[in-house]
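structure.cif (mmCIF, C-alpha atoms)
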data_entry
loop_
_atom_site.group_PDB
_atom_site.id
_atom_site.type_symbol
_atom_site.label_atom_id
_atom_site.label_comp_id
_atom_site.auth_asym_id
_atom_site.auth_seq_id
_atom_site.Cartn_x
_atom_site.Cartn_y
_atom_site.Cartn_z
ATOM 1 C CA MET O 876 -65.414 -7.730 11.961
ATOM 2 C CA ASN O 877 -68.547 -5.674 11.464
ATOM 3 C CA HIS O 878 -69.933 -2.751 13.390
ATOM 4 C CA LEU O 879 -73.404 -1.314 13.829
ATOM 5 C CA SER O 880 -74.227 1.843 15.706
ATOM 6 C CA ALA O 881 -77.321 3.830 16.537
ATOM 7 C CA ARG O 882 -75.207 6.727 17.777
ATOM 8 C CA SER O 883 -71.614 7.078 18.876
ATOM 9 C CA GLY O 884 -70.590 6.096 22.401
ATOM 10 C CA GLY O 885 -68.497 8.142 24.818
ATOM 11 C CA GLY O 886 -65.379 7.551 26.816
ATOM 12 C CA ASP O 887 -64.935 5.927 30.209
ATOM 13 C CA ARG O 888 -68.263 6.142 31.998
ATOM 14 C CA PRO O 889 -70.162 4.045 34.550
ATOM 15 C CA LEU O 890 -72.442 1.278 33.264
ATOM 16 C CA PRO O 891 -75.693 2.865 32.010
ATOM 17 C CA ASP O 892 -78.596 2.965 34.437
ATOM 18 C CA ALA O 893 -81.722 0.837 34.045
ATOM 19 C CA GLY O 894 -83.327 3.299 31.648
ATOM 20 C CA ALA O 895 -80.372 3.810 29.298
ATOM 21 C CA PRO O 896 -79.102 1.545 26.500
ATOM 22 C CA LEU O 897 -75.812 -0.278 26.876
ATOM 23 C CA ARG O 898 -72.960 1.679 25.291
ATOM 24 C CA ARG O 899 -71.432 -1.147 23.267
ATOM 25 C CA VAL O 900 -72.275 -4.828 22.864
ATOM 26 C CA LEU O 901 -70.064 -7.469 21.242
ATOM 27 C CA ILE O 902 -71.877 -10.311 19.461
ATOM 28 C CA VAL O 903 -69.681 -13.341 18.792
ATOM 29 C CA ASP O 904 -71.381 -15.627 16.276
ATOM 30 C CA ASP O 905 -70.309 -17.179 12.970
ATOM 31 C CA HIS O 906 -73.741 -16.932 11.309
ATOM 32 C CA PRO O 907 -73.918 -13.448 9.709
ATOM 33 C CA LEU O 908 -77.683 -13.413 9.200
ATOM 34 C CA PHE O 909 -78.297 -14.135 12.880
ATOM 35 C CA SER O 910 -75.639 -11.805 14.289
ATOM 36 C CA GLN O 911 -76.575 -8.908 12.002
ATOM 37 C CA GLY O 912 -80.267 -9.402 12.743
ATOM 38 C CA LEU O 913 -79.631 -9.482 16.491
ATOM 39 C CA ALA O 914 -77.440 -6.385 16.262
ATOM 40 C CA GLY O 915 -80.141 -4.525 14.353
ATOM 41 C CA LEU O 916 -82.771 -5.529 16.882
ATOM 42 C CA MET O 917 -80.663 -4.353 19.815
ATOM 43 C CA THR O 918 -80.068 -0.910 18.314
ATOM 44 C CA GLN O 919 -83.636 -0.494 17.069
ATOM 45 C CA ALA O 920 -85.031 -1.468 20.475
ATOM 46 C CA SER O 921 -82.597 0.963 22.180
ATOM 47 C CA LEU O 922 -80.975 -1.880 24.129
ATOM 48 C CA ALA O 923 -77.531 -0.845 22.836
ATOM 49 C CA THR O 924 -76.160 2.266 21.174
ATOM 50 C CA SER O 925 -73.367 0.412 19.390
ATOM 51 C CA VAL O 926 -72.762 -3.220 18.404
ATOM 52 C CA ASP O 927 -69.568 -4.946 17.226
ATOM 53 C CA LEU O 928 -69.612 -8.337 15.502
ATOM 54 C CA ALA O 929 -66.979 -11.071 15.606
ATOM 55 C CA ASP O 930 -67.130 -14.570 14.125
ATOM 56 C CA SER O 931 -64.306 -16.295 16.012
ATOM 57 C CA VAL O 932 -62.747 -16.493 19.455
ATOM 58 C CA ASP O 933 -59.524 -14.867 18.178
ATOM 59 C CA GLN O 934 -61.389 -11.927 16.648
ATOM 60 C CA ALA O 935 -63.477 -11.437 19.779
ATOM 61 C CA ALA O 936 -60.404 -11.583 22.033
ATOM 62 C CA ALA O 937 -58.714 -8.906 19.910
ATOM 63 C CA LEU O 938 -61.727 -6.607 20.199
ATOM 64 C CA LEU O 939 -61.895 -7.130 23.953
ATOM 65 C CA ALA O 940 -58.200 -6.291 24.264
ATOM 66 C CA ALA O 941 -58.818 -2.889 22.656
ATOM 67 C CA PRO O 942 -59.636 0.112 24.869
ATOM 68 C CA LYS O 943 -63.371 0.065 24.179
ATOM 69 C CA ASP O 944 -66.306 0.392 26.574
ATOM 70 C CA ILE O 945 -67.874 -3.027 25.946
ATOM 71 C CA ASP O 946 -70.710 -3.525 28.412
ATOM 72 C CA LEU O 947 -71.872 -6.993 27.326
ATOM 73 C CA VAL O 948 -70.683 -9.953 25.250
ATOM 74 C CA LEU O 949 -73.244 -12.238 23.584
ATOM 75 C CA LEU O 950 -71.366 -15.444 22.812
ATOM 76 C CA ASP O 951 -72.401 -18.424 20.695
ATOM 77 C CA VAL O 952 -71.339 -21.824 22.004
ATOM 78 C CA SER O 953 -70.157 -23.193 18.646
ATOM 79 C CA LEU O 954 -67.830 -21.084 16.484
ATOM 80 C CA GLN O 955 -66.200 -22.447 13.319
ATOM 81 C CA GLY O 956 -65.340 -25.775 14.879
ATOM 82 C CA GLU O 957 -64.287 -24.379 18.274
ATOM 83 C CA THR O 958 -66.241 -23.817 21.459
ATOM 84 C CA GLY O 959 -67.121 -20.204 22.132
ATOM 85 C CA LEU O 960 -66.597 -20.790 25.852
ATOM 86 C CA MET O 961 -62.842 -20.726 25.146
ATOM 87 C CA LEU O 962 -63.189 -16.946 24.978
ATOM 88 C CA LEU O 963 -63.896 -16.508 28.686
ATOM 89 C CA PRO O 964 -60.390 -17.374 29.992
ATOM 90 C CA ARG O 965 -58.915 -15.107 27.266
ATOM 91 C CA MET O 966 -60.884 -12.017 28.199
ATOM 92 C CA GLY O 967 -58.217 -10.681 30.521
ATOM 93 C CA VAL O 968 -58.750 -8.624 33.641
ATOM 94 C CA ARG O 969 -61.117 -5.678 33.459
ATOM 95 C CA GLU O 970 -62.665 -3.688 36.249
ATOM 96 C CA PRO O 971 -65.545 -4.111 36.289
ATOM 97 C CA PRO O 972 -65.488 -7.438 34.416
ATOM 98 C CA VAL O 973 -67.351 -7.561 31.100
ATOM 99 C CA PRO O 974 -70.429 -9.801 31.553
ATOM 100 C CA VAL O 975 -70.876 -12.653 29.073
ATOM 101 C CA VAL O 976 -74.237 -14.160 28.120
ATOM 102 C CA VAL O 977 -74.156 -17.352 26.079
ATOM 103 C CA ILE O 978 -76.550 -17.573 23.124
ATOM 104 C CA SER O 979 -77.162 -20.979 21.600
ATOM 105 C CA SER O 980 -79.559 -23.001 19.494
ATOM 106 C CA SER O 981 -78.956 -25.836 21.979
ATOM 107 C CA GLU O 982 -81.226 -25.351 24.981
ATOM 108 C CA ASP O 983 -80.418 -28.552 26.887
ATOM 109 C CA GLU O 984 -79.452 -28.435 30.543
ATOM 110 C CA THR O 985 -75.899 -29.639 29.793
ATOM 111 C CA THR O 986 -75.200 -26.570 27.629
ATOM 112 C CA VAL O 987 -76.688 -24.232 30.238
ATOM 113 C CA ARG O 988 -74.598 -25.815 33.012
ATOM 114 C CA ALA O 989 -71.447 -25.573 30.877
ATOM 115 C CA ALA O 990 -72.088 -21.868 30.282
ATOM 116 C CA ARG O 991 -72.568 -21.210 33.991
ATOM 117 C CA ALA O 992 -69.503 -23.257 34.949
ATOM 118 C CA ALA O 993 -67.362 -21.330 32.457
ATOM 119 C CA GLY O 994 -68.267 -18.068 34.165
ATOM 120 C CA ALA O 995 -71.072 -16.777 31.940
ATOM 121 C CA ARG O 996 -73.567 -14.449 33.612
ATOM 122 C CA GLY O 997 -76.497 -15.746 31.607
ATOM 123 C CA PHE O 998 -77.889 -17.984 28.895
ATOM 124 C CA LEU O 999 -80.309 -16.982 26.144
ATOM 125 C CA PRO O 1000 -81.608 -19.541 23.629
ATOM 126 C CA LYS O 1001 -81.665 -18.396 20.015
ATOM 127 C CA SER O 1002 -85.358 -19.220 19.954
ATOM 128 C CA ALA O 1003 -86.019 -16.455 22.509
ATOM 129 C CA GLY O 1004 -88.103 -13.458 21.507
ATOM 130 C CA ARG O 1005 -87.684 -9.719 21.873
ATOM 131 C CA THR O 1006 -89.228 -9.643 25.360
ATOM 132 C CA ALA O 1007 -86.744 -12.194 26.702
ATOM 133 C CA LEU O 1008 -83.863 -10.293 25.085
ATOM 134 C CA ALA O 1009 -84.926 -7.045 26.767
ATOM 135 C CA SER O 1010 -85.426 -8.850 30.076
ATOM 136 C CA MET O 1011 -81.937 -10.337 29.850
ATOM 137 C CA VAL O 1012 -80.349 -6.951 29.147
ATOM 138 C CA ARG O 1013 -82.174 -5.334 32.087
ATOM 139 C CA THR O 1014 -81.128 -8.135 34.438
ATOM 140 C CA ILE O 1015 -77.460 -8.080 33.408
ATOM 141 C CA ARG O 1016 -77.395 -4.270 33.558
ATOM 142 C CA ARG O 1017 -78.527 -4.460 37.196
ATOM 143 C CA GLY O 1018 -75.716 -6.887 38.002
ATOM 144 C CA GLY O 1019 -77.880 -10.019 38.070
ATOM 145 C CA GLU O 1020 -77.725 -13.356 36.284
ATOM 146 C CA TYR O 1021 -80.089 -14.575 33.573
ATOM 147 C CA PHE O 1022 -80.549 -18.327 33.224
ATOM 148 C CA PRO O 1023 -83.585 -20.368 32.132
ATOM 149 C CA GLY O 1024 -86.076 -21.433 34.743
ATOM 150 C CA ARG O 1025 -88.345 -19.596 37.136
ATOM 151 C CA SER O 1026 -86.267 -20.417 40.201
ATOM 152 C CA SER O 1027 -83.230 -18.695 38.680
ATOM 153 C CA ALA O 1028 -85.285 -15.689 37.613
ATOM 154 C CA GLU O 1029 -86.753 -15.270 41.082
ATOM 155 C CA ALA O 1030 -83.261 -15.165 42.562
ATOM 156 C CA GLN O 1031 -82.020 -12.503 40.171
ATOM 157 C CA VAL O 1032 -83.730 -9.539 41.841
ATOM 158 C CA PRO O 1033 -84.950 -9.226 45.444
ATOM 159 C CA ALA O 1034 -88.710 -9.633 45.785
ATOM 160 C CA LEU O 1035 -91.062 -6.678 46.109
ATOM 161 C CA THR O 1036 -92.663 -5.794 49.419
ATOM 162 C CA PRO O 1037 -96.041 -7.434 50.174
ATOM 163 C CA ARG O 1038 -97.888 -4.170 49.506
ATOM 164 C CA GLN O 1039 -96.035 -3.653 46.232
ATOM 165 C CA MET O 1040 -97.028 -7.179 45.236
ATOM 166 C CA ASP O 1041 -100.672 -6.291 45.987
ATOM 167 C CA VAL O 1042 -100.409 -3.245 43.727
ATOM 168 C CA LEU O 1043 -98.677 -5.283 41.030
ATOM 169 C CA SER O 1044 -101.366 -7.969 41.139
ATOM 170 C CA LEU O 1045 -104.145 -5.418 40.634
ATOM 171 C CA LEU O 1046 -102.119 -3.677 37.935
ATOM 172 C CA ALA O 1047 -101.870 -7.000 36.064
ATOM 173 C CA GLN O 1048 -105.664 -7.268 36.225
ATOM 174 C CA GLY O 1049 -105.948 -3.951 34.407
ATOM 175 C CA PHE O 1050 -107.042 -1.856 37.398
ATOM 176 C CA PRO O 1051 -106.544 1.911 37.000
ATOM 177 C CA ASN O 1052 -104.973 3.811 39.891
ATOM 178 C CA LYS O 1053 -108.336 4.856 41.324
ATOM 179 C CA ARG O 1054 -109.560 1.262 41.593
ATOM 180 C CA ILE O 1055 -106.253 0.159 43.116
ATOM 181 C CA CYS O 1056 -106.704 2.916 45.715
ATOM 182 C CA GLN O 1057 -110.208 1.708 46.529
ATOM 183 C CA SER O 1058 -109.288 -1.978 46.634
ATOM 184 C CA LEU O 1059 -106.300 -1.505 48.931
ATOM 185 C CA ASN O 1060 -107.628 1.487 50.874
ATOM 186 C CA LEU O 1061 -104.625 3.604 49.874
ATOM 187 C CA THR O 1062 -104.304 7.211 48.796
ATOM 188 C CA GLU O 1063 -103.537 7.969 45.158
ATOM 189 C CA HIS O 1064 -100.175 9.409 46.176
ATOM 190 C CA THR O 1065 -99.255 6.151 47.945
ATOM 191 C CA VAL O 1066 -100.281 4.065 44.928
ATOM 192 C CA LYS O 1067 -98.199 6.239 42.612
ATOM 193 C CA THR O 1068 -95.243 5.897 44.982
ATOM 194 C CA HIS O 1069 -95.580 2.108 44.937
ATOM 195 C CA LEU O 1070 -95.863 2.062 41.140
ATOM 196 C CA LYS O 1071 -92.768 4.207 40.764
ATOM 197 C CA ALA O 1072 -90.838 1.879 43.081
ATOM 198 C CA ILE O 1073 -92.015 -1.196 41.148
ATOM 199 C CA PHE O 1074 -91.090 0.342 37.782
ATOM 200 C CA THR O 1075 -87.638 1.282 39.078
ATOM 201 C CA HIS O 1076 -87.146 -2.155 40.622
ATOM 202 C CA LEU O 1077 -87.963 -3.914 37.354
ATOM 203 C CA GLY O 1078 -86.232 -1.379 35.103
ATOM 204 C CA VAL O 1079 -89.373 -0.612 33.082
ATOM 205 C CA HIS O 1080 -91.104 2.570 31.929
ATOM 206 C CA ASN O 1081 -94.817 1.836 31.688
ATOM 207 C CA ARG O 1082 -97.592 -0.442 32.950
ATOM 208 C CA THR O 1083 -97.451 -2.857 30.005
ATOM 209 C CA GLU O 1084 -93.685 -3.398 30.341
ATOM 210 C CA CYS O 1085 -94.119 -3.767 34.101
ATOM 211 C CA VAL O 1086 -96.641 -6.596 33.825
ATOM 212 C CA SER O 1087 -94.641 -8.312 31.071
ATOM 213 C CA GLN O 1088 -91.412 -8.179 33.068
ATOM 214 C CA ALA O 1089 -93.121 -9.373 36.267
ATOM 215 C CA ARG O 1090 -94.477 -12.381 34.386
ATOM 216 C CA GLN O 1091 -90.975 -13.091 33.030
ATOM 217 C CA MET O 1092 -89.689 -13.039 36.603
ATOM 218 C CA GLY O 1093 -92.382 -15.514 37.655
ATOM 219 C CA TRP O 1094 -94.084 -13.028 40.018
ATOM 220 C CA LEU O 1095 -97.493 -13.208 38.323
#
Let's see the structure in the file written out as structure tokens.
Amino acid sequence: MNHLSARSGGGDRPLPDAGAPLRRVLIVDDHPLFSQGLAGLMTQASLATSVDLADSVDQAAALLAAPKDIDLVLLDVSLQGETGLMLLPRMGVREPPVPVVVISSSEDETTVRAARAAGARGFLPKSAGRTALASMVRTIRRGGEYFPGRSSAEAQVPALTPRQMDVLSLLAQGFPNKRICQSLNLTEHTVKTHLKAIFTHLGVHNRTECVSQARQMGWL
């Protein structure tokens, strides 16, 4: 077992809000270069404060049985000749349950369906980039599911209001607040209120992240 940490986690606390990194993530993968690289990316991108690594179902089950605040498990499908999905029935009862997202180099529909049927909350192909990784973490942190396909993404988070969608559309076109005000005949205060609501809804912090996340969700 390996362990990477950006800073130490605390005791029993609620799941971090949309703007905070996950306290501890468990990556279960038997390829050290991939798992260590993913762990480093998650800490560097402030998606997780602490990351544990396991390379087998038995090792992962032992870590999950320990009194640690694990907020997310990233689980490879194939582990040293056994299926990683065997971990899910061995995870025991936790309140709230620890969400599991399957990561795999196989992106076929059969693998995705198997992950969903086993109880995984999401699926992330190993070919995915940093933006998709961040989007997955935000979605899982909000209690949603993350599976490939626009229809699944659209169902993960309730849609914005029509007026918020108008603001988002103009934002994606690069309009500054003043031009959005003029185009929609709104006050600057109202536009700022809509932008704040959109940012909160999508779990982002700036205009660039907002547009990127909205495109990931299939809203643009």
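Here the PyMOL selection byres ((chain O and resi 956-963) around 9) catches exactly these residues: Val903, Asp904, Ser931, Val932, Asp933, Ala935, Ala936, Leu950, Asp951, Val952, Ser953, Leu954, Gln955, Pro964, Arg965, Met966, Gly967, Val975, Val977, Ala989, Ala990, Ala993, Gly994 and Ala995 of chain O.
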*For the atom pair atom CA of O:Val948 and atom CA of O:Ile902, what is the interatomic distance in Å to one decimal place?*
5.9 Å
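If all atoms listed in the file are the atoms counted, then among O:Glu984, O:Asp930, O:Glu1020, O:Glu1063 the closest residue to O:His906 is O:Asp930.
Using only C-alpha atoms, the nearest neighbour of O:Ser1010 within the list O:Gly997, O:Leu1035, O:Ser981, O:Arg899 is O:Gly997.
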*May I ask which of the residues O:Gln1088, O:Asn1081, O:Thr985, O:Gln934 is the closest one to O:Thr1014, counting all atoms listed in the file?*
O:Gln1088
Which residues are close to O:Thr1006, i.e. within 9 Å by all atoms listed in the file, leaving aside same-chain residues fewer than 2 positions away? Reply as an mmCIF file with C-alpha atoms, keeping the file's coordinate frame.
data_model
loop_
_atom_site.group_PDB
_atom_site.id
_atom_site.type_symbol
_atom_site.label_atom_id
_atom_site.label_comp_id
_atom_site.auth_asym_id
_atom_site.auth_seq_id
_atom_site.Cartn_x
_atom_site.Cartn_y
_atom_site.Cartn_z
ATOM 1 C CA ALA O 1003 -86.019 -16.455 22.509
ATOM 2 C CA GLY O 1004 -88.103 -13.458 21.507
ATOM 3 C CA LEU O 1008 -83.863 -10.293 25.085
ATOM 4 C CA ALA O 1009 -84.926 -7.045 26.767
ATOM 5 C CA SER O 1010 -85.426 -8.850 30.076
ATOM 6 C CA MET O 1011 -81.937 -10.337 29.850
ATOM 7 C CA SER O 1087 -94.641 -8.312 31.071
ATOM 8 C CA GLN O 1088 -91.412 -8.179 33.068
ATOM 9 C CA GLN O 1091 -90.975 -13.091 33.030
#
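The gap separating atom CA of O:Val1066 from atom CA of O:Ala895 is 25.3 Å, in Å to one decimal.
Closest approach to O:Arg1017 from the set O:Leu1077, O:Ala1047, O:Leu939, O:Ala1089 is made by O:Leu1077, with distances taken over only C-alpha atoms.
What separates atom CA of O:Tyr1021 from atom CA of O:His1076 is a distance of 15.9 Å.
Distance check against O:Phe1022 using only C-alpha atoms: of O:Val1042, O:Gly1049, O:Ser1058, O:Arg991, the minimum falls on O:Arg991.
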_Applying 12 Å and only C-alpha atoms, which residues near O:Ser910 remain after dropping the ones on its own chain fewer than 6 positions away? List them as a ChimeraX atom specification._
/O:876-879,900-904,916-917,926-930,949-951,978-979,1001
*Rank nothing, just name the residue among O:Met1040, O:Thr918, O:Ala923, O:Arg1090 nearest to O:Val1012, using all atoms listed in the file.*
O:Ala923
*asked:* Give me the residues near O:Ser1044 as a PyMOL selection string, where near means some atom within 10 Å (using all atoms listed in the file) and where sequence neighbours in that chain fewer than 6 positions away do not count.
replied: chain O and resi 1038+1050+1055+1086+1089+1094-1095
Which residues, named as in the file, does the PyMOL selection byres ((chain O and resi 1069) around 10) pick out? Answer as a short mmCIF file (atom, residue, chain, number, x, y, z; two decimals) with C-alpha atoms, keeping the file's coordinate frame.
data_model
loop_
_atom_site.label_atom_id
_atom_site.label_comp_id
_atom_site.auth_asym_id
_atom_site.auth_seq_id
_atom_site.Cartn_x
_atom_site.Cartn_y
_atom_site.Cartn_z
CA LEU O 1035 -91.06 -6.68 46.11
CA THR O 1036 -92.66 -5.79 49.42
CA ARG O 1038 -97.89 -4.17 49.51
CA GLN O 1039 -96.04 -3.65 46.23
CA MET O 1040 -97.03 -7.18 45.24
CA ASP O 1041 -100.67 -6.29 45.99
CA VAL O 1042 -100.41 -3.24 43.73
CA LEU O 1043 -98.68 -5.28 41.03
CA GLU O 1063 -103.54 7.97 45.16
CA HIS O 1064 -100.18 9.41 46.18
CA THR O 1065 -99.26 6.15 47.94
CA VAL O 1066 -100.28 4.07 44.93
CA LYS O 1067 -98.20 6.24 42.61
CA THR O 1068 -95.24 5.90 44.98
CA LEU O 1070 -95.86 2.06 41.14
CA LYS O 1071 -92.77 4.21 40.76
CA ALA O 1072 -90.84 1.88 43.08
CA ILE O 1073 -92.02 -1.20 41.15
CA PHE O 1074 -91.09 0.34 37.78
CA THR O 1075 -87.64 1.28 39.08
#
Report as a PDB file with C-alpha atoms, keeping the file's coordinate frame the full result of the PyMOL selection byres ((chain O and resi 944) around 7) when it is applied to this structure.
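That gives us expr_38.pdb:
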ATOM      1  CA  ASP O 887     -64.935   5.927  30.209  1.00  0.00           C
ATOM      2  CA  ARG O 898     -72.960   1.679  25.291  1.00  0.00           C
ATOM      3  CA  ARG O 899     -71.432  -1.147  23.267  1.00  0.00           C
ATOM      4  CA  PRO O 942     -59.636   0.112  24.869  1.00  0.00           C
ATOM      5  CA  LYS O 943     -63.371   0.065  24.179  1.00  0.00           C
ATOM      6  CA  ILE O 945     -67.874  -3.027  25.946  1.00  0.00           C
ATOM      7  CA  ASP O 946     -70.710  -3.525  28.412  1.00  0.00           C
TER       8      ASP O 946
END
Box centre and edge lengths (Å, one decimal), axis-aligned, stretch 950-963 of chain O plus 8 Å each side, as JSON:
{"center_x": -67.6, "center_y": -20.6, "center_z": 21.0, "size_x": 25.6, "size_y": 26.3, "size_z": 31.4}
